[in-house]
Amino acid sequence: MSKKVLVISDLHLKPWIVRIAVKIMQEMNLVKAVFLGDSIDDFQKQDDIALYNEMFFIIKIFMEKYPESIFCLGNHEMSYYWQKKESGYSRKAELTVWAWLQDFRRMFGDRIVFAHKDGGVVFSHAGITESFAERIKLGEEYSVDGLIRKINGAGADILWRDDSPLWARPDSSLYVPFSNDYLQVVGHTPVIAPTIVRDRLLLCDVFSTYSDGKTPIGNQEFVIVNTEDQTWETRKGV
C-alpha cells in the first residue's frame, strides 16, 4: 500500500493555506503532512502580532488533528530561536515567536525537527547537501538515519551556514544532493511550480509572494509525495 504525504511549504503568515490543507487531507483520506518551515515573517507584516499568533495556532490545531504530521523548522523560525536578525525579522513579534516555538517543542517533541525521513523521501527546509553531510559526519560512516539524527541535534554553529538544511540554495553550482538514493522534498527557494532540480530535489515553495506581499510567485499547487516509490502529484488548492 502506498503512503502519501501532503507537503505544506513556506507559509509566511498565510493561515488560509493550512485551512485548504485540511480539506485536501480529508478529501484524499491522508493521515500525514510535513511542514517545510518558514511559517512566519512576510513583507509588510512585521507589526501584525495577531497574525503571528493565528499562524502558530492553526498549525498547532493541525498537528493535534493529524498526530503523524511533522514540522521541519526553517531559517525564519530559527532566526528567532537563535537570535539571528535575518531579513523579515520582527522585533515586535520576537517574544511571541519564542513562546510558540517553546510550546511546540513541549507539545510535539520529536515531531519538531530540521530533517525527516519517511521511506525513500527526506524532507527539510532547504535540503541536505553533500558538502554539509560530509562536514557534519566528520569523516565517520553514518546511515541516513544517523545523519538525520545528528542534524536534528545540531545547533546554530552547525546549521547557520550557507550549505545547511536551513539555508542551501539549489541554484548554487556547489549544491550537490547528499544521496542519489533519496528524493529530497524542500521549500526555501520560491518557484513558479513544483519542480525537480539536481535530479533528486523537489522544490515546493509555490506560495511565496513578491515584495508587494500580495502577488504570488508560484502557482499555489500542493504537492503530495508517495514516500514508498518516490512519485509525486499536485493538487490545486485555490
# chains A, B, ... in the order shown; residues from 1 in each chain; ligands from 1
$ closest_atom_pairs --of "region 162-194 of chain A" --to "region 94-115 of chain A" --cutoff "10 Å" --atoms "only C-alpha atoms" --output "JSON lines"
{"residue": "A:Pro165", "atom": "CA", "partner": "A:Phe114", "partner_atom": "CA", "distance": 7.2}
{"residue": "A:Leu166", "atom": "CA", "partner": "A:Phe114", "partner_atom": "CA", "distance": 7.7}
{"residue": "A:Val186", "atom": "CA", "partner": "A:Ala115", "partner_atom": "CA", "distance": 9.9}
$ select_by_dssp --residues "region 53-199 of chain A" --states "strand (DSSP E)" --output "PyMOL selection string"
chain A and resi 70-72+112-113+115-118+121-124+183-190+195-197
$ residues_around --residues "Asp41 (chain A)" --least-positions-apart "5" --cutoff "12 Å" --atoms "only C-alpha atoms" --output "ChimeraX atom specification"
/A:10-14,46-49,51-53,55-56,74-80,85-94,97,208-209,213
$ write_last_selection --atoms "N, CA and C atoms" --output "compact mmCIF listing (two decimals), in the first residue's frame"
# COMPACT_ATOMS: atom_id res chain seq x y z
N ASP A 10 6.53 26.76 3.30
CA ASP A 10 6.75 28.21 3.33
C ASP A 10 5.45 29.01 3.40
N LEU A 11 4.79 28.91 4.55
CA LEU A 11 3.50 29.58 4.74
C LEU A 11 3.63 31.09 4.81
N HIS A 12 4.67 31.58 5.44
CA HIS A 12 4.90 33.03 5.58
C HIS A 12 3.62 33.80 5.93
N LEU A 13 3.06 33.44 7.09
CA LEU A 13 1.91 34.15 7.66
C LEU A 13 0.67 34.10 6.77
N LYS A 14 0.41 32.93 6.18
CA LYS A 14 -0.80 32.74 5.37
C LYS A 14 -1.60 31.57 5.96
N GLN A 46 5.37 42.70 9.66
CA GLN A 46 6.17 42.59 10.88
C GLN A 46 5.45 43.09 12.13
N ASP A 47 4.48 43.98 11.97
CA ASP A 47 3.78 44.56 13.12
C ASP A 47 2.49 43.83 13.47
N ASP A 48 2.11 42.85 12.67
CA ASP A 48 0.82 42.17 12.85
C ASP A 48 0.98 40.97 13.79
N ILE A 49 1.08 41.25 15.07
CA ILE A 49 1.31 40.18 16.05
C ILE A 49 0.14 39.20 16.09
N LEU A 51 -1.51 38.15 13.61
CA LEU A 51 -1.33 37.21 12.51
C LEU A 51 -0.27 36.17 12.86
N TYR A 52 0.79 36.56 13.54
CA TYR A 52 1.78 35.58 14.01
C TYR A 52 1.11 34.55 14.93
N ASN A 53 0.30 35.05 15.85
CA ASN A 53 -0.40 34.14 16.76
C ASN A 53 -1.36 33.21 16.02
N MET A 55 -1.14 32.21 12.96
CA MET A 55 -0.38 31.25 12.16
C MET A 55 0.06 30.06 13.02
N PHE A 56 0.65 30.35 14.17
CA PHE A 56 1.07 29.26 15.05
C PHE A 56 -0.11 28.46 15.59
N GLY A 74 12.45 26.08 9.71
CA GLY A 74 13.15 26.81 8.66
C GLY A 74 14.03 27.91 9.22
N ASN A 75 14.72 28.61 8.35
CA ASN A 75 15.61 29.67 8.81
C ASN A 75 14.84 30.81 9.49
N HIS A 76 13.60 31.04 9.09
CA HIS A 76 12.84 32.13 9.73
C HIS A 76 12.46 31.78 11.17
N GLU A 77 12.05 30.53 11.43
CA GLU A 77 11.79 30.15 12.82
C GLU A 77 13.06 30.24 13.66
N MET A 78 14.16 29.70 13.11
CA MET A 78 15.38 29.61 13.90
C MET A 78 16.07 30.96 14.07
N SER A 79 15.75 31.93 13.23
CA SER A 79 16.34 33.27 13.43
C SER A 79 15.87 33.85 14.75
N TYR A 80 14.65 33.49 15.19
CA TYR A 80 14.15 33.94 16.49
C TYR A 80 14.72 33.07 17.61
N LYS A 85 19.21 38.01 13.45
CA LYS A 85 18.30 39.01 12.88
C LYS A 85 18.39 39.00 11.35
N GLU A 86 17.70 38.05 10.72
CA GLU A 86 17.76 37.96 9.28
C GLU A 86 16.64 38.78 8.63
N SER A 87 16.61 38.81 7.32
CA SER A 87 15.60 39.56 6.58
C SER A 87 14.19 39.12 6.99
N GLY A 88 13.32 40.10 7.26
CA GLY A 88 11.95 39.80 7.64
C GLY A 88 11.72 39.69 9.13
N TYR A 89 12.80 39.69 9.91
CA TYR A 89 12.71 39.53 11.36
C TYR A 89 11.85 40.64 11.97
N SER A 90 10.92 40.26 12.84
CA SER A 90 10.05 41.22 13.50
C SER A 90 10.44 41.36 14.97
N ARG A 91 10.94 42.54 15.31
CA ARG A 91 11.29 42.77 16.72
C ARG A 91 10.04 42.75 17.61
N LYS A 92 8.92 43.20 17.06
CA LYS A 92 7.70 43.21 17.84
C LYS A 92 7.18 41.79 18.11
N ALA A 93 7.48 40.87 17.21
CA ALA A 93 6.95 39.51 17.34
C ALA A 93 7.92 38.55 18.00
N GLU A 94 9.13 38.99 18.36
CA GLU A 94 10.15 38.03 18.79
C GLU A 94 9.75 37.25 20.04
N VAL A 97 7.01 34.69 19.00
CA VAL A 97 7.57 33.55 18.27
C VAL A 97 8.34 32.63 19.21
N SER A 208 5.00 31.59 -1.82
CA SER A 208 5.65 32.86 -1.50
C SER A 208 5.21 33.94 -2.49
N THR A 209 5.33 35.20 -2.08
CA THR A 209 4.90 36.32 -2.91
C THR A 209 6.08 37.23 -3.26
N GLY A 213 3.88 41.70 -1.18
CA GLY A 213 3.19 40.90 -0.19
C GLY A 213 1.87 40.32 -0.66
$ select_by_dssp --residues "region 80-121 of chain A" --states "helix (DSSP H, G or I)" --output "VMD selection string"
chain A and resid 80 to 81 94 to 111
$ residues_around --residues "Val7 (chain A)" --least-positions-apart "5" --cutoff "9 Å" --atoms "only C-alpha atoms" --output "mmCIF file with N, CA and C atoms, in the first residue's frame"
data_model
loop_
_atom_site.group_PDB
_atom_site.id
_atom_site.type_symbol
_atom_site.label_atom_id
_atom_site.label_comp_id
_atom_site.auth_asym_id
_atom_site.auth_seq_id
_atom_site.Cartn_x
_atom_site.Cartn_y
_atom_site.Cartn_z
ATOM 1 N N ALA A 21 -5.216 22.954 3.285
ATOM 2 C CA ALA A 21 -4.516 21.689 3.501
ATOM 3 C C ALA A 21 -5.407 20.693 4.245
ATOM 4 N N ALA A 33 1.075 14.958 7.111
ATOM 5 C CA ALA A 33 1.613 16.070 6.332
ATOM 6 C C ALA A 33 2.976 16.426 6.905
ATOM 7 N N VAL A 34 3.797 17.056 6.080
ATOM 8 C CA VAL A 34 5.078 17.576 6.540
ATOM 9 C C VAL A 34 5.147 19.055 6.192
ATOM 10 N N PHE A 35 5.281 19.892 7.227
ATOM 11 C CA PHE A 35 5.540 21.315 7.034
ATOM 12 C C PHE A 35 7.027 21.498 6.754
ATOM 13 N N LEU A 36 7.347 22.381 5.820
ATOM 14 C CA LEU A 36 8.747 22.588 5.448
ATOM 15 C C LEU A 36 9.335 23.878 6.007
ATOM 16 N N VAL A 185 12.625 16.577 -0.561
ATOM 17 C CA VAL A 185 11.497 17.491 -0.738
ATOM 18 C C VAL A 185 11.762 18.717 0.124
ATOM 19 N N CYS A 204 9.243 22.977 -3.554
ATOM 20 C CA CYS A 204 7.808 23.094 -3.310
ATOM 21 C C CYS A 204 7.340 24.467 -2.838
ATOM 22 N N PHE A 222 -0.450 22.343 -4.164
ATOM 23 C CA PHE A 222 0.087 21.480 -3.114
ATOM 24 C C PHE A 222 0.734 20.254 -3.750
ATOM 25 N N VAL A 223 1.755 19.751 -3.077
ATOM 26 C CA VAL A 223 2.437 18.528 -3.504
ATOM 27 C C VAL A 223 2.067 17.396 -2.560
ATOM 28 N N ILE A 224 1.760 16.242 -3.141
ATOM 29 C CA ILE A 224 1.539 15.020 -2.366
ATOM 30 C C ILE A 224 2.580 14.009 -2.828
ATOM 31 N N VAL A 225 3.389 13.534 -1.893
ATOM 32 C CA VAL A 225 4.507 12.643 -2.214
ATOM 33 C C VAL A 225 4.204 11.226 -1.749
#
$ closest_residue --among "A:Gly218, A:Tyr142, A:Thr129, A:Thr189" --to "Leu159 (chain A)" --atoms "only C-alpha atoms"
A:Thr129
$ closest_residue --among "A:Asp42, A:Asp157, A:Glu140, A:Asp145" --to "Tyr210 (chain A)" --atoms "only C-alpha atoms"
A:Asp42
$ closest_residue --among "A:Ile148, A:Leu183, A:Cys72, A:Ile17" --to "Ile58 (chain A)" --atoms "only C-alpha atoms"
A:Ile17
$ residues_around --residues "region 62-64 of chain A" --least-positions-apart "3" --cutoff "9 Å" --atoms "only C-alpha atoms" --output "list in words"
Val18, Arg19, Val22, Ala33, Phe57, Ile58, Ile59, Pro67, Glu68, Ser69, Ile70, Phe71 and Phe108 of chain A
$ write_last_selection --atoms "C-alpha atoms" --output "PDB file, in the first residue's frame"
ATOM      1  CA  VAL A  18      -3.439  25.397   6.295  1.00  0.00           C
ATOM      2  CA  ARG A  19      -7.225  25.580   6.031  1.00  0.00           C
ATOM      3  CA  VAL A  22      -7.083  20.298   5.959  1.00  0.00           C
ATOM      4  CA  ALA A  33       1.613  16.070   6.332  1.00  0.00           C
ATOM      5  CA  PHE A  57      -2.359  28.470  16.465  1.00  0.00           C
ATOM      6  CA  ILE A  58      -3.679  26.961  13.239  1.00  0.00           C
ATOM      7  CA  ILE A  59      -0.514  24.867  12.836  1.00  0.00           C
ATOM      8  CA  PRO A  67      -0.609  13.263  15.017  1.00  0.00           C
ATOM      9  CA  GLU A  68       1.659  11.660  12.403  1.00  0.00           C
ATOM     10  CA  SER A  69       2.475  15.056  10.934  1.00  0.00           C
ATOM     11  CA  ILE A  70       5.938  16.624  11.170  1.00  0.00           C
ATOM     12  CA  PHE A  71       7.091  20.247  11.348  1.00  0.00           C
ATOM     13  CA  PHE A 108       5.108  17.867  19.878  1.00  0.00           C
TER      14      PHE A 108
END
$ atom_distance --atom1 "CA of Pro170 (chain A)" --atom2 "CA of Pro194 (chain A)"
13.6 Å
$ residues_around --residues "Pro190 (chain A)" --least-positions-apart "4" --cutoff "7 Å" --atoms "only C-alpha atoms" --output "MDAnalysis selection string"
chainID A and resid 205:206 208 217
$ write_last_selection --atoms "C-alpha atoms" --output "mmCIF file, in the first residue's frame"
data_model
loop_
_atom_site.group_PDB
_atom_site.id
_atom_site.type_symbol
_atom_site.label_atom_id
_atom_site.label_comp_id
_atom_site.auth_asym_id
_atom_site.auth_seq_id
_atom_site.Cartn_x
_atom_site.Cartn_y
_atom_site.Cartn_z
ATOM 1 C CA ASP A 205 7.835 26.789 -2.306
ATOM 2 C CA VAL A 206 4.976 27.942 -4.541
ATOM 3 C CA SER A 208 5.649 32.863 -1.502
ATOM 4 C CA ILE A 217 5.354 33.887 -7.368
#
$ atom_distance --atom1 "CA of Lys117 (chain A)" --atom2 "CA of Ser172 (chain A)"
24.0 Å
$ closest_residue --among "A:Leu73, A:Leu174, A:Ile8, A:Ile151" --to "Ala133 (chain A)" --atoms "only C-alpha atoms"
A:Ile151
$ atom_distance --atom1 "CA of Asn29 (chain A)" --atom2 "CA of Lys60 (chain A)"
19.9 Å
$ closest_residue --among "A:Val197, A:Met28, A:Val5, A:Leu147" --to "Gly119 (chain A)" --atoms "only C-alpha atoms"
A:Val5
$ closest_residue --among "A:Arg161, A:Asp212, A:Thr234, A:Asp199" --to "Phe43 (chain A)" --atoms "only C-alpha atoms"
A:Asp212
$ decode --residues "region 126-151 of chain A" --atoms "N, CA and C atoms" --output "JSON list (two decimals), in the first residue's frame"
[["chain", "number", "residue", "atom", "x", "y", "z"],
["A", 126, "ALA", "N", 15.56, 23.30, 3.36],
["A", 126, "ALA", "CA", 16.36, 23.69, 2.20],
["A", 126, "ALA", "C", 17.12, 22.55, 1.55],
["A", 127, "GLY", "N", 17.14, 21.37, 2.17],
["A", 127, "GLY", "CA", 17.82, 20.23, 1.58],
["A", 127, "GLY", "C", 19.17, 19.94, 2.20],
["A", 128, "ILE", "N", 19.57, 18.69, 2.14],
["A", 128, "ILE", "CA", 20.85, 18.25, 2.68],
["A", 128, "ILE", "C", 21.84, 18.13, 1.54],
["A", 129, "THR", "N", 22.86, 18.95, 1.56],
["A", 129, "THR", "CA", 23.87, 18.93, 0.51],
["A", 129, "THR", "C", 24.97, 17.93, 0.85],
["A", 130, "GLU", "N", 25.67, 17.53, -0.18],
["A", 130, "GLU", "CA", 26.79, 16.60, 0.00],
["A", 130, "GLU", "C", 27.87, 17.21, 0.89],
["A", 131, "SER", "N", 28.18, 18.49, 0.65],
["A", 131, "SER", "CA", 29.24, 19.13, 1.43],
["A", 131, "SER", "C", 28.85, 19.23, 2.90],
["A", 132, "PHE", "N", 27.60, 19.53, 3.17],
["A", 132, "PHE", "CA", 27.14, 19.63, 4.55],
["A", 132, "PHE", "C", 27.19, 18.26, 5.22],
["A", 133, "ALA", "N", 26.71, 17.23, 4.52],
["A", 133, "ALA", "CA", 26.70, 15.87, 5.09],
["A", 133, "ALA", "C", 28.12, 15.42, 5.43],
["A", 134, "GLU", "N", 29.07, 15.68, 4.56],
["A", 134, "GLU", "CA", 30.45, 15.28, 4.81],
["A", 134, "GLU", "C", 31.03, 16.05, 6.00],
["A", 135, "ARG", "N", 30.70, 17.31, 6.08],
["A", 135, "ARG", "CA", 31.23, 18.13, 7.18],
["A", 135, "ARG", "C", 30.66, 17.69, 8.53],
["A", 136, "ILE", "N", 29.35, 17.43, 8.58],
["A", 136, "ILE", "CA", 28.73, 17.08, 9.85],
["A", 136, "ILE", "C", 29.12, 15.66, 10.29],
["A", 137, "LYS", "N", 29.43, 14.79, 9.31],
["A", 137, "LYS", "CA", 29.85, 13.43, 9.66],
["A", 137, "LYS", "C", 31.27, 13.38, 10.17],
["A", 138, "LEU", "N", 32.06, 14.41, 9.86],
["A", 138, "LEU", "CA", 33.45, 14.49, 10.31],
["A", 138, "LEU", "C", 34.25, 13.26, 9.92],
["A", 139, "GLY", "N", 33.99, 12.75, 8.71],
["A", 139, "GLY", "CA", 34.74, 11.62, 8.20],
["A", 139, "GLY", "C", 34.25, 10.26, 8.66],
["A", 140, "GLU", "N", 33.27, 10.24, 9.56],
["A", 140, "GLU", "CA", 32.75, 8.97, 10.05],
["A", 140, "GLU", "C", 31.71, 8.42, 9.09],
["A", 141, "GLU", "N", 31.45, 7.14, 9.20],
["A", 141, "GLU", "CA", 30.40, 6.50, 8.40],
["A", 141, "GLU", "C", 29.07, 6.59, 9.15],
["A", 142, "TYR", "N", 28.06, 7.08, 8.45],
["A", 142, "TYR", "CA", 26.74, 7.20, 9.04],
["A", 142, "TYR", "C", 25.70, 6.61, 8.11],
["A", 143, "SER", "N", 24.69, 6.00, 8.69],
["A", 143, "SER", "CA", 23.49, 5.70, 7.92],
["A", 143, "SER", "C", 22.74, 7.00, 7.70],
["A", 144, "VAL", "N", 21.79, 6.99, 6.79],
["A", 144, "VAL", "CA", 20.97, 8.19, 6.58],
["A", 144, "VAL", "C", 20.21, 8.53, 7.86],
["A", 145, "ASP", "N", 19.70, 7.52, 8.54],
["A", 145, "ASP", "CA", 19.00, 7.77, 9.81],
["A", 145, "ASP", "C", 19.94, 8.42, 10.81],
["A", 146, "GLY", "N", 21.18, 7.95, 10.87],
["A", 146, "GLY", "CA", 22.15, 8.54, 11.78],
["A", 146, "GLY", "C", 22.49, 9.97, 11.42],
["A", 147, "LEU", "N", 22.61, 10.23, 10.13],
["A", 147, "LEU", "CA", 22.88, 11.59, 9.67],
["A", 147, "LEU", "C", 21.75, 12.53, 10.07],
["A", 148, "ILE", "N", 20.53, 12.09, 9.87],
["A", 148, "ILE", "CA", 19.38, 12.94, 10.21],
["A", 148, "ILE", "C", 19.29, 13.16, 11.71],
["A", 149, "ARG", "N", 19.59, 12.14, 12.50],
["A", 149, "ARG", "CA", 19.60, 12.32, 13.96],
["A", 149, "ARG", "C", 20.63, 13.37, 14.35],
["A", 150, "LYS", "N", 21.79, 13.34, 13.71],
["A", 150, "LYS", "CA", 22.82, 14.32, 14.04],
["A", 150, "LYS", "C", 22.39, 15.73, 13.63],
["A", 151, "ILE", "N", 21.75, 15.85, 12.47],
["A", 151, "ILE", "CA", 21.24, 17.15, 12.03],
["A", 151, "ILE", "C", 20.21, 17.67, 13.03]]
